[in-house]
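Visitor: Dumping the structure here so I can ask a few things about it.
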Amino acid sequence: MKMKLLPPGLSGAFMISLALSGCIDPIPSENDRIPDGVSYGPPLSEIAAILAALPLETEHMSEVHHAVTSSSGNGYDEEYTMTDLFSVPGAGVGDSQLRTKSIPEFENPVSELIRDHLLSAFRTKSSAGNPGFETEEDIDRYLQELASSDIQIYWPYSSEWKEGDGLPVITFDPENESSSNTGYRISRTPDGKVKVDTVVVDEALAMEAPVWVVNRNSDGDYLSLEMIRQLYPDWSLDGGDIVAAPSTRAAAGSAENAGRKVKTLVLKDFTMHRNYDSWFAGASEFFVKCGSVENFTASTEAELQLYSPSVTDFMIVVKRSQVGKPQPFNAVLISDWTDQVDNCAFMIIEDDGGKQTSWECTALVRIESKSYGIEVDLPFKTRDDIVWRGSLSARYLEAHSNVPENFGDVTVTFEIEEL
């Protein structure tokens with residue numbers, strides 16, 4: 001822990017060419033560069049072309065819909081990863097960690113359609129539909145590569161879909177911040193034959209028709225607040241919906257706190273006022289980070305050595321349809337804010353990846369008439385959007401408890417609770 005004495009009163013986040021059916025060719029990707037920090041896998045445009053060549057039926061729509069709905073219910077985006085598609089058909093992000101969650105069985109899942117299609121193209125040696133594999137083992141390796149990549153199916157506005165609404169329009173993230181891209185509209189003619197048309201896909205179309213976007217997963221490695229609530233119900237304060245990490249729970253319930261009320265800083269809700277990424281990339285993943293010194297009761301400078309700063313770090317996913325709508329957060333940022341703590345360091349970032357770095361900031365504590373700065377490092381990545389960062393004083397937070405306040409392009413509501 002680093003400390004610095006401050007003057008009294010100072011206050012201070014494969015492109016291989018494929019012909020996959022007689023009428024479908026892969027749409028060239030406008031940007032074949034794989035961004036830093038993502039797993040290697042086949043080009044997104046290629047996977048979109050494969051999906052568009054499959055004999056999709058209503059049961060396959062139901063499989064994908066079940067997966068994206070489950071992901072959303074677990075606090076993630078409306079997404080179906082290739083890892084889950086090949087290992088647990090119909091499972092959403094987070095389901096593998098929820099052992100008690102029931103996943104329906106699908107007799108002919110999308111993964112089998114993909115395998116059958118590639119094997120058929122290889123065995124017939126047809127010019128239309130032959131990916132160029134030399135052996136069937138090549139197909140197995142390709143599918144293993146796909147299943148281990150970070151590629152997924154993203155279905156925006158999936159909550160509006162109902163069985164019978166038709167087959168999907170399939171496109172991919174061009175990864176260049178474009179608002180539109182070419183894609184495949186799948187439909188059936190009156191005699192039951194599958195028809196595939198090349199169309200321009202934008203977000204307005206995604207609001208009107210089922211659209212599957214092949215993009216990359218960016219939130220599956222993190223525990224969402226909803227997952228924390230399901231995996232660790234004992235993290236809930238007083239049996240309610242407020243989440244506090246175990247270490248902060250211990251501080252709030254320690255013997256030192258006996259006989260005195262404990263002030264707790266809670267972030268109640270979070271409102272995003274604009275989307276930070278292209279709609280092809282999906283929802284915005286925010287990380288809320290707070291650094292301070294909890295349960296601080298030092299009476300001498302020597303006792304400062306007994307305290308280390310703590311950092312809370314929670315992820316919240318805000319879907320594109322939730323812009324401007326307050327989302328419940330209900331997470332404890334600081335479990336025990338004593339009267340000797342003058343401020344905390346606070347940062348909101350929108351995750352875009354890159355190399356790990358940190359913001360070196362200062363939390364202030366007081367011993368008698370002297371203020372001490374305790375340095376805190378809040379981690380973030382070089383490509384992240386920093387929505388807001390700075391210090392929040394105890395006086396400010398108490399004066400604005402339960403009052404929505406703007407921080408950059410988001411609004412948050414803090415609450416100071418006494419436990």
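Residue numbering restarts at 1 for every chain of the structure tokens, chains are lettered A, B, ... in their displayed order, and ligands are numbered from 1 as they appear.
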From segment 21-254 of chain A, collect each residue whose DSSP state is alpha helix (DSSP H) and return the set as a PyMOL selection string.

Guide: chain A and resi 44-52+58-73+82-87+110-124+136-147+203-208+225-231+246-252

Visitor: Using only C-alpha atoms, which protein or nucleic acid residues come within 9 Å of Ala283 of chain A? Drop anything in the same chain fewer than 5 positions from it, and give the result as JSON, numbers by chain.

Guide: {"A": [76, 77, 78, 156, 275, 276, 277, 317, 318, 319, 320, 321]}

Visitor: Those residues you just picked out, can you put them in a file as a JSON list (two decimals), in the first residue's frame with all heavy atoms?

Guide:
```json
[["chain", "number", "residue", "atom", "x", "y", "z"],
["A", 76, "TYR", "N", -26.55, -11.69, -19.59],
["A", 76, "TYR", "CA", -25.67, -11.46, -20.74],
["A", 76, "TYR", "C", -26.50, -10.97, -21.92],
["A", 76, "TYR", "O", -27.70, -10.72, -21.80],
["A", 76, "TYR", "CB", -24.91, -12.74, -21.09],
["A", 76, "TYR", "CG", -24.03, -13.24, -19.97],
["A", 76, "TYR", "CD1", -24.46, -14.24, -19.11],
["A", 76, "TYR", "CD2", -22.75, -12.70, -19.76],
["A", 76, "TYR", "CE1", -23.66, -14.70, -18.07],
["A", 76, "TYR", "CE2", -21.95, -13.15, -18.73],
["A", 76, "TYR", "CZ", -22.40, -14.14, -17.88],
["A", 76, "TYR", "OH", -21.61, -14.57, -16.85],
["A", 77, "ASP", "N", -25.85, -10.86, -23.07],
["A", 77, "ASP", "CA", -26.55, -10.40, -24.26],
["A", 77, "ASP", "C", -27.37, -11.54, -24.86],
["A", 77, "ASP", "O", -27.30, -12.69, -24.41],
["A", 77, "ASP", "CB", -25.53, -9.87, -25.28],
["A", 77, "ASP", "CG", -26.12, -8.84, -26.22],
["A", 77, "ASP", "OD1", -27.33, -8.57, -26.14],
["A", 77, "ASP", "OD2", -25.37, -8.29, -27.05],
["A", 78, "GLU", "N", -28.13, -11.24, -25.91],
["A", 78, "GLU", "CA", -28.94, -12.25, -26.59],
["A", 78, "GLU", "C", -28.03, -13.05, -27.53],
["A", 78, "GLU", "O", -28.02, -12.84, -28.74],
["A", 78, "GLU", "CB", -30.07, -11.57, -27.36],
["A", 78, "GLU", "CG", -30.98, -10.75, -26.45],
["A", 78, "GLU", "CD", -31.71, -9.64, -27.18],
["A", 78, "GLU", "OE1", -31.06, -8.66, -27.58],
["A", 78, "GLU", "OE2", -32.93, -9.76, -27.37],
["A", 156, "PRO", "N", -30.47, -9.93, -31.97],
["A", 156, "PRO", "CA", -31.04, -8.73, -31.35],
["A", 156, "PRO", "C", -32.57, -8.74, -31.42],
["A", 156, "PRO", "O", -33.15, -9.27, -32.37],
["A", 156, "PRO", "CB", -30.45, -7.58, -32.18],
["A", 156, "PRO", "CG", -30.15, -8.20, -33.51],
["A", 156, "PRO", "CD", -29.74, -9.61, -33.21],
["A", 275, "ASN", "N", -25.83, 3.98, -27.26],
["A", 275, "ASN", "CA", -25.07, 2.76, -27.50],
["A", 275, "ASN", "C", -23.63, 3.12, -27.86],
["A", 275, "ASN", "O", -23.38, 4.07, -28.59],
["A", 275, "ASN", "CB", -25.70, 1.95, -28.63],
["A", 275, "ASN", "CG", -27.01, 1.30, -28.21],
["A", 275, "ASN", "OD1", -27.03, 0.45, -27.34],
["A", 275, "ASN", "ND2", -28.11, 1.72, -28.83],
["A", 276, "TYR", "N", -22.70, 2.33, -27.34],
["A", 276, "TYR", "CA", -21.30, 2.64, -27.52],
["A", 276, "TYR", "C", -20.67, 1.93, -28.72],
["A", 276, "TYR", "O", -19.60, 2.31, -29.17],
["A", 276, "TYR", "CB", -20.51, 2.30, -26.26],
["A", 276, "TYR", "CG", -20.58, 3.39, -25.22],
["A", 276, "TYR", "CD1", -21.75, 3.59, -24.49],
["A", 276, "TYR", "CD2", -19.51, 4.24, -24.99],
["A", 276, "TYR", "CE1", -21.84, 4.60, -23.55],
["A", 276, "TYR", "CE2", -19.58, 5.25, -24.05],
["A", 276, "TYR", "CZ", -20.75, 5.44, -23.34],
["A", 276, "TYR", "OH", -20.83, 6.44, -22.41],
["A", 277, "ASP", "N", -21.30, 0.88, -29.23],
["A", 277, "ASP", "CA", -20.72, 0.10, -30.33],
["A", 277, "ASP", "C", -21.72, -0.02, -31.47],
["A", 277, "ASP", "O", -22.91, 0.26, -31.31],
["A", 277, "ASP", "CB", -20.32, -1.29, -29.85],
["A", 277, "ASP", "CG", -19.31, -1.26, -28.72],
["A", 277, "ASP", "OD1", -18.29, -0.56, -28.87],
["A", 277, "ASP", "OD2", -19.55, -1.91, -27.69],
["A", 317, "VAL", "N", -24.61, -5.62, -18.30],
["A", 317, "VAL", "CA", -24.87, -5.64, -19.74],
["A", 317, "VAL", "C", -26.16, -4.87, -20.00],
["A", 317, "VAL", "O", -27.20, -5.18, -19.42],
["A", 317, "VAL", "CB", -24.98, -7.08, -20.26],
["A", 317, "VAL", "CG1", -25.39, -7.09, -21.73],
["A", 317, "VAL", "CG2", -23.66, -7.83, -20.07],
["A", 318, "VAL", "N", -26.08, -3.87, -20.87],
["A", 318, "VAL", "CA", -27.26, -3.08, -21.23],
["A", 318, "VAL", "C", -27.56, -3.33, -22.71],
["A", 318, "VAL", "O", -26.76, -2.98, -23.58],
["A", 318, "VAL", "CB", -27.05, -1.58, -20.97],
["A", 318, "VAL", "CG1", -28.33, -0.81, -21.28],
["A", 318, "VAL", "CG2", -26.62, -1.33, -19.53],
["A", 319, "LYS", "N", -28.69, -3.95, -22.98],
["A", 319, "LYS", "CA", -29.06, -4.28, -24.35],
["A", 319, "LYS", "C", -29.48, -3.01, -25.10],
["A", 319, "LYS", "O", -29.87, -2.02, -24.49],
["A", 319, "LYS", "CB", -30.19, -5.31, -24.35],
["A", 319, "LYS", "CG", -29.81, -6.61, -23.64],
["A", 319, "LYS", "CD", -31.00, -7.56, -23.56],
["A", 319, "LYS", "CE", -30.62, -8.82, -22.81],
["A", 319, "LYS", "NZ", -30.25, -8.55, -21.40],
["A", 320, "ARG", "N", -29.44, -3.09, -26.40],
["A", 320, "ARG", "CA", -29.74, -1.93, -27.22],
["A", 320, "ARG", "C", -31.18, -1.46, -27.02],
["A", 320, "ARG", "O", -31.47, -0.26, -27.10],
["A", 320, "ARG", "CB", -29.47, -2.25, -28.70],
["A", 320, "ARG", "CG", -28.02, -2.65, -28.95],
["A", 320, "ARG", "CD", -27.75, -2.84, -30.43],
["A", 320, "ARG", "NE", -27.79, -1.58, -31.15],
["A", 320, "ARG", "CZ", -26.78, -0.72, -31.22],
["A", 320, "ARG", "NH1", -25.65, -0.98, -30.61],
["A", 320, "ARG", "NH2", -26.90, 0.39, -31.91],
["A", 321, "SER", "N", -32.07, -2.38, -26.74],
["A", 321, "SER", "CA", -33.47, -2.01, -26.52],
["A", 321, "SER", "C", -33.68, -1.33, -25.18],
["A", 321, "SER", "O", -34.77, -0.82, -24.90],
["A", 321, "SER", "CB", -34.35, -3.26, -26.60],
["A", 321, "SER", "OG", -33.96, -4.21, -25.61]]
```

Visitor: Residues within 10 Å of segment 140-145 of chain A, please, as a list in words. Count only C-alpha atoms; anything in the same chain fewer than 4 positions from it doesn't count.

Guide: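 Returned residues: Phe14, Ser39, Tyr40, Gly41, Pro42, Met82, Thr83, Phe86, Ser111, Ile114, Arg115, Leu118, Leu119, Phe133, Thr135, Glu136, Ser149 and Asp150 of chain A.
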
Visitor: Looking at only C-alpha atoms, which of A:Asp336, A:Glu59, A:Glu285, A:Asp385 is the one that sits closest to Lys261 of chain A?

Guide: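 Of A:Asp336, A:Glu59, A:Glu285, A:Asp385, the one nearest Lys261 of chain A is A:Asp336, counting only C-alpha atoms.
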
Visitor: Step one, run DSSP on the backbone; step two, keep only residues of segment 289-372 of chain A assigned to strand (DSSP E or B); then write them as a ChimeraX atom specification.

Guide: /A:289-292,310-318,327-334,341,343-350,356-367,370-372

Visitor: Could you please determine the separation between atom CA of Val376 of chain A and atom CA of Asn343 of chain A in Å, to one decimal place?

Guide: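 Separating atom CA of Val376 of chain A from atom CA of Asn343 of chain A is a distance of 12.1 Å.
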
Visitor: Please provide the set of residues having any atom within 10 Å of Gln340 of chain A, restricted to only C-alpha atoms, with same-chain residues fewer than 5 positions apart removed, written as a ChimeraX atom specification.

Guide: /A:293,295-299,364-368,371,394

Visitor: With all heavy atoms retained, write the just-selected residues as a short mmCIF file (atom, residue, chain, number, x, y, z; two decimals), in the first residue's frame.

Guide:
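Once written, selection-v9.cif looks like this:
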```
data_model
loop_
_atom_site.label_atom_id
_atom_site.label_comp_id
_atom_site.auth_asym_id
_atom_site.auth_seq_id
_atom_site.Cartn_x
_atom_site.Cartn_y
_atom_site.Cartn_z
N VAL A 293 -11.18 2.58 1.15
CA VAL A 293 -10.70 1.85 2.33
C VAL A 293 -11.91 1.58 3.21
O VAL A 293 -12.54 2.51 3.73
CB VAL A 293 -9.64 2.65 3.12
CG1 VAL A 293 -9.10 1.83 4.28
CG2 VAL A 293 -8.52 3.09 2.20
N ASN A 295 -14.13 0.02 6.43
CA ASN A 295 -14.03 -0.22 7.87
C ASN A 295 -12.81 0.49 8.45
O ASN A 295 -12.09 -0.07 9.28
CB ASN A 295 -13.96 -1.73 8.13
CG ASN A 295 -14.19 -2.08 9.59
OD1 ASN A 295 -14.86 -1.35 10.30
ND2 ASN A 295 -13.61 -3.18 10.02
N PHE A 296 -12.58 1.73 8.03
CA PHE A 296 -11.38 2.46 8.46
C PHE A 296 -11.64 3.14 9.80
O PHE A 296 -12.49 4.03 9.92
CB PHE A 296 -11.01 3.50 7.41
CG PHE A 296 -9.71 4.21 7.71
CD1 PHE A 296 -8.50 3.61 7.39
CD2 PHE A 296 -9.70 5.45 8.32
CE1 PHE A 296 -7.29 4.26 7.66
CE2 PHE A 296 -8.51 6.10 8.61
CZ PHE A 296 -7.30 5.50 8.27
N THR A 297 -10.88 2.70 10.82
CA THR A 297 -11.03 3.28 12.16
C THR A 297 -9.68 3.58 12.80
O THR A 297 -9.56 3.59 14.02
CB THR A 297 -11.81 2.30 13.08
OG1 THR A 297 -11.14 1.03 13.11
CG2 THR A 297 -13.24 2.11 12.58
N ALA A 298 -8.64 3.80 11.96
CA ALA A 298 -7.31 4.07 12.51
C ALA A 298 -7.31 5.36 13.32
O ALA A 298 -7.94 6.35 12.95
CB ALA A 298 -6.29 4.16 11.38
N SER A 299 -6.57 5.32 14.44
CA SER A 299 -6.46 6.51 15.28
C SER A 299 -5.05 7.09 15.28
O SER A 299 -4.84 8.19 15.78
CB SER A 299 -6.87 6.18 16.72
OG SER A 299 -6.05 5.13 17.25
N LEU A 364 -9.08 9.12 0.03
CA LEU A 364 -8.67 9.95 1.16
C LEU A 364 -9.28 9.46 2.47
O LEU A 364 -10.47 9.13 2.52
CB LEU A 364 -9.09 11.40 0.94
CG LEU A 364 -8.42 12.15 -0.22
CD1 LEU A 364 -8.99 13.55 -0.31
CD2 LEU A 364 -6.92 12.20 -0.04
N VAL A 365 -8.41 9.42 3.50
CA VAL A 365 -8.88 9.10 4.85
C VAL A 365 -8.34 10.15 5.81
O VAL A 365 -7.35 10.84 5.51
CB VAL A 365 -8.42 7.69 5.29
CG1 VAL A 365 -9.05 6.62 4.42
CG2 VAL A 365 -6.90 7.58 5.24
N ARG A 366 -8.98 10.29 6.97
CA ARG A 366 -8.55 11.29 7.94
C ARG A 366 -8.21 10.65 9.27
O ARG A 366 -8.90 9.72 9.72
CB ARG A 366 -9.67 12.32 8.16
CG ARG A 366 -9.76 13.40 7.12
CD ARG A 366 -10.85 14.40 7.44
NE ARG A 366 -12.18 13.82 7.31
CZ ARG A 366 -12.97 13.50 8.33
NH1 ARG A 366 -12.53 13.67 9.58
NH2 ARG A 366 -14.16 13.00 8.12
N ILE A 367 -7.11 11.11 9.84
CA ILE A 367 -6.77 10.79 11.23
C ILE A 367 -6.60 12.11 11.95
O ILE A 367 -5.69 12.89 11.63
CB ILE A 367 -5.49 9.94 11.32
CG1 ILE A 367 -5.68 8.61 10.58
CG2 ILE A 367 -5.11 9.68 12.78
CD1 ILE A 367 -4.45 7.74 10.54
N GLU A 368 -7.51 12.37 12.83
CA GLU A 368 -7.56 13.67 13.50
C GLU A 368 -7.68 14.77 12.44
O GLU A 368 -8.57 14.77 11.63
CB GLU A 368 -6.35 13.83 14.43
CG GLU A 368 -6.34 12.82 15.57
CD GLU A 368 -5.17 12.97 16.51
OE1 GLU A 368 -4.19 13.65 16.17
OE2 GLU A 368 -5.26 12.41 17.62
N SER A 371 -5.17 14.62 6.52
CA SER A 371 -5.72 13.78 5.45
C SER A 371 -4.61 12.98 4.82
O SER A 371 -3.52 13.50 4.56
CB SER A 371 -6.40 14.65 4.37
OG SER A 371 -7.55 15.28 4.89
N ALA A 394 -17.65 11.89 0.39
CA ALA A 394 -18.71 11.44 1.29
C ALA A 394 -19.83 12.48 1.35
O ALA A 394 -21.02 12.14 1.37
CB ALA A 394 -18.14 11.18 2.67
#
```

Visitor: Using only C-alpha atoms, which residue out of A:Ile228, A:Leu306, A:Leu167, A:Ala206 lies closest to Val194 of chain A?

Guide: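 Closest to Val194 of chain A, using only C-alpha atoms: A:Leu167.
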
Visitor: Figure out the distance between atom CA of Lys162 of chain A and atom CA of Ala67 of chain A, please, to one decimal in Å.

Guide: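 Value for the atom CA of Ala67 of chain A-atom CA of Lys162 of chain A distance: 14.4 Å.
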
Visitor: Restricting the calculation to only C-alpha atoms, which member of A:Thr69, A:Asn181, A:Thr81, A:Gln322 is positioned closest to Glu160 of chain A?

Guide: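 Nearest to Glu160 of chain A: A:Thr69.
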
Visitor: What's around Trp359 of chain A at 12 Å? Count only C-alpha atoms, leave out sequence neighbours fewer than 4 positions away in its own chain, and write the answer as a compact mmCIF listing (two decimals) with all heavy atoms, in the first residue's frame.

Guide:
```txt
# COMPACT_ATOMS: atom_id res chain seq x y z
N ALA A 13 -11.79 2.95 -15.21
CA ALA A 13 -12.19 1.90 -16.11
C ALA A 13 -11.87 1.13 -18.05
O ALA A 13 -11.20 1.98 -18.24
CB ALA A 13 -13.90 1.22 -16.26
N LYS A 289 -16.42 0.28 -11.29
CA LYS A 289 -15.32 -0.01 -10.38
C LYS A 289 -15.24 1.09 -9.32
O LYS A 289 -15.39 2.26 -9.62
CB LYS A 289 -13.99 -0.07 -11.15
CG LYS A 289 -14.00 -1.10 -12.30
CD LYS A 289 -12.82 -0.90 -13.23
CE LYS A 289 -12.95 -1.77 -14.47
NZ LYS A 289 -12.50 -3.14 -14.21
N CYS A 290 -15.00 0.66 -8.09
CA CYS A 290 -14.93 1.61 -6.99
C CYS A 290 -13.81 1.20 -6.06
O CYS A 290 -13.69 0.03 -5.68
CB CYS A 290 -16.26 1.65 -6.23
SG CYS A 290 -16.35 2.92 -4.96
N GLY A 291 -12.95 2.16 -5.70
CA GLY A 291 -11.83 1.89 -4.81
C GLY A 291 -11.89 2.76 -3.57
O GLY A 291 -12.11 3.97 -3.66
N ALA A 345 -12.64 6.46 -5.06
CA ALA A 345 -12.36 6.56 -6.49
C ALA A 345 -13.43 5.77 -7.24
O ALA A 345 -13.77 4.65 -6.85
CB ALA A 345 -10.98 6.01 -6.80
N PHE A 346 -13.97 6.35 -8.30
CA PHE A 346 -15.09 5.72 -9.01
C PHE A 346 -14.83 5.80 -10.51
O PHE A 346 -14.40 6.83 -11.03
CB PHE A 346 -16.39 6.45 -8.66
CG PHE A 346 -17.63 5.85 -9.26
CD1 PHE A 346 -18.08 4.59 -8.90
CD2 PHE A 346 -18.36 6.56 -10.22
CE1 PHE A 346 -19.23 4.05 -9.44
CE2 PHE A 346 -19.51 6.02 -10.77
CZ PHE A 346 -19.95 4.77 -10.38
N MET A 347 -15.10 4.69 -11.22
CA MET A 347 -14.88 4.66 -12.67
C MET A 347 -15.93 3.78 -13.33
O MET A 347 -16.29 2.71 -12.82
CB MET A 347 -13.47 4.14 -13.00
CG MET A 347 -13.18 4.07 -14.50
SD MET A 347 -11.40 3.88 -14.88
CE MET A 347 -11.09 2.25 -14.25
N ILE A 348 -16.42 4.23 -14.47
CA ILE A 348 -17.31 3.44 -15.32
C ILE A 348 -16.63 3.32 -16.68
O ILE A 348 -16.25 4.33 -17.28
CB ILE A 348 -18.68 4.12 -15.51
CG1 ILE A 348 -19.36 4.40 -14.18
CG2 ILE A 348 -19.58 3.25 -16.39
CD1 ILE A 348 -20.62 5.23 -14.31
N ILE A 349 -16.46 2.09 -17.16
CA ILE A 349 -15.90 1.89 -18.50
C ILE A 349 -16.83 1.01 -19.31
O ILE A 349 -17.59 0.20 -18.77
CB ILE A 349 -14.48 1.28 -18.44
CG1 ILE A 349 -14.49 -0.11 -17.79
CG2 ILE A 349 -13.52 2.20 -17.71
CD1 ILE A 349 -14.25 -1.25 -18.74
N GLU A 375 -3.21 5.18 -2.28
CA GLU A 375 -3.27 4.96 -3.73
C GLU A 375 -4.00 3.66 -4.05
O GLU A 375 -3.78 2.63 -3.42
CB GLU A 375 -1.86 4.95 -4.32
CG GLU A 375 -1.19 6.32 -4.25
CD GLU A 375 0.13 6.37 -4.99
OE1 GLU A 375 0.47 5.37 -5.65
OE2 GLU A 375 0.81 7.40 -4.92
N VAL A 376 -4.86 3.74 -5.06
CA VAL A 376 -5.66 2.61 -5.52
C VAL A 376 -5.49 2.48 -7.03
O VAL A 376 -5.49 3.49 -7.74
CB VAL A 376 -7.16 2.83 -5.19
CG1 VAL A 376 -7.97 1.58 -5.54
CG2 VAL A 376 -7.35 3.21 -3.73
N ASP A 377 -5.34 1.26 -7.52
CA ASP A 377 -5.27 1.00 -8.96
C ASP A 377 -6.59 0.38 -9.42
O ASP A 377 -6.96 -0.71 -8.97
CB ASP A 377 -4.12 0.05 -9.30
CG ASP A 377 -2.76 0.72 -9.21
OD1 ASP A 377 -2.72 1.96 -9.08
OD2 ASP A 377 -1.74 0.01 -9.24
N LEU A 378 -7.30 1.07 -10.31
CA LEU A 378 -8.52 0.52 -10.89
C LEU A 378 -8.19 0.02 -12.30
O LEU A 378 -7.81 0.80 -13.17
CB LEU A 378 -9.62 1.59 -10.96
CG LEU A 378 -10.11 2.15 -9.62
CD1 LEU A 378 -11.29 3.07 -9.84
CD2 LEU A 378 -10.48 1.05 -8.64
N PRO A 379 -8.31 -1.30 -12.55
CA PRO A 379 -7.91 -1.86 -13.83
C PRO A 379 -8.89 -1.57 -14.95
O PRO A 379 -10.10 -1.50 -14.74
CB PRO A 379 -7.85 -3.37 -13.54
CG PRO A 379 -8.86 -3.57 -12.46
CD PRO A 379 -8.81 -2.32 -11.62
N PHE A 380 -8.35 -1.40 -16.16
CA PHE A 380 -9.16 -1.33 -17.37
C PHE A 380 -8.26 -1.69 -18.54
O PHE A 380 -7.09 -2.02 -18.34
CB PHE A 380 -9.80 0.05 -17.55
CG PHE A 380 -8.84 1.18 -17.82
CD1 PHE A 380 -8.64 1.66 -19.11
CD2 PHE A 380 -8.11 1.78 -16.78
CE1 PHE A 380 -7.76 2.71 -19.36
CE2 PHE A 380 -7.23 2.82 -17.02
CZ PHE A 380 -7.06 3.29 -18.31
N LYS A 381 -8.78 -1.68 -19.75
CA LYS A 381 -8.00 -2.05 -20.93
C LYS A 381 -7.87 -0.86 -21.87
O LYS A 381 -8.70 0.05 -21.86
CB LYS A 381 -8.62 -3.26 -21.64
CG LYS A 381 -8.59 -4.52 -20.77
CD LYS A 381 -9.19 -5.71 -21.47
CE LYS A 381 -9.15 -6.94 -20.56
NZ LYS A 381 -9.78 -8.12 -21.20
N THR A 382 -6.81 -0.90 -22.68
CA THR A 382 -6.43 0.28 -23.45
C THR A 382 -7.49 0.71 -24.46
O THR A 382 -7.55 1.89 -24.82
CB THR A 382 -5.10 0.04 -24.18
OG1 THR A 382 -5.19 -1.18 -24.93
CG2 THR A 382 -3.95 -0.08 -23.18
N ILE A 386 -13.77 5.04 -21.58
CA ILE A 386 -13.91 5.51 -20.21
C ILE A 386 -15.11 6.45 -20.18
O ILE A 386 -15.07 7.57 -20.69
CB ILE A 386 -12.64 6.21 -19.72
CG1 ILE A 386 -11.46 5.22 -19.72
CG2 ILE A 386 -12.85 6.77 -18.32
CD1 ILE A 386 -10.14 5.84 -19.31
N TRP A 388 -16.69 7.56 -17.35
CA TRP A 388 -16.46 8.58 -16.33
C TRP A 388 -15.47 8.03 -15.32
O TRP A 388 -15.47 6.84 -15.01
CB TRP A 388 -17.76 8.93 -15.61
CG TRP A 388 -17.68 10.18 -14.76
CD1 TRP A 388 -17.94 11.46 -15.17
CD2 TRP A 388 -17.27 10.29 -13.39
NE1 TRP A 388 -17.73 12.34 -14.14
CE2 TRP A 388 -17.32 11.65 -13.02
CE3 TRP A 388 -16.87 9.35 -12.43
CZ2 TRP A 388 -17.00 12.10 -11.75
CZ3 TRP A 388 -16.54 9.80 -11.16
CH2 TRP A 388 -16.61 11.17 -10.82
N ARG A 389 -14.61 8.90 -14.80
CA ARG A 389 -13.76 8.52 -13.68
C ARG A 389 -13.42 9.76 -12.87
O ARG A 389 -13.32 10.87 -13.40
CB ARG A 389 -12.47 7.83 -14.16
CG ARG A 389 -11.52 8.70 -14.98
CD ARG A 389 -10.29 7.89 -15.37
NE ARG A 389 -9.41 8.64 -16.25
CZ ARG A 389 -8.30 8.13 -16.80
NH1 ARG A 389 -7.95 6.88 -16.55
NH2 ARG A 389 -7.56 8.87 -17.60
N GLY A 390 -13.30 9.57 -11.59
CA GLY A 390 -13.00 10.68 -10.69
C GLY A 390 -13.23 10.26 -9.26
O GLY A 390 -13.44 9.08 -8.96
```

Visitor: Restricting the calculation to only C-alpha atoms: of A:Leu333, A:Leu231, A:Leu56, A:Val311, which residue gets closest to Arg99 of chain A?

Guide: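 That would be A:Leu231, the residue with the smallest distance to Arg99 of chain A.
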
Visitor: Do you have the atom CA of Asp116 of chain A-atom CA of Val201 of chain A distance handy?

Guide: 27.8 Å

Visitor: Taking 5 positions as the minimum chain separation for residues in the same chain, which residues sit within 6 Å of Gly324 of chain A when counting only C-alpha atoms? Answer as a PyMOL selection string.

Guide: chain A and resi 271-273

Visitor: Give me the residues near segment 222-224 of chain A as a PyMOL selection string, where near means some atom within 12 Å (using only C-alpha atoms) and where sequence neighbours in that chain fewer than 6 positions away do not count.

Guide: chain A and resi 71-77+93-95+97+230-232+243+285-288+313-318+329+331+351
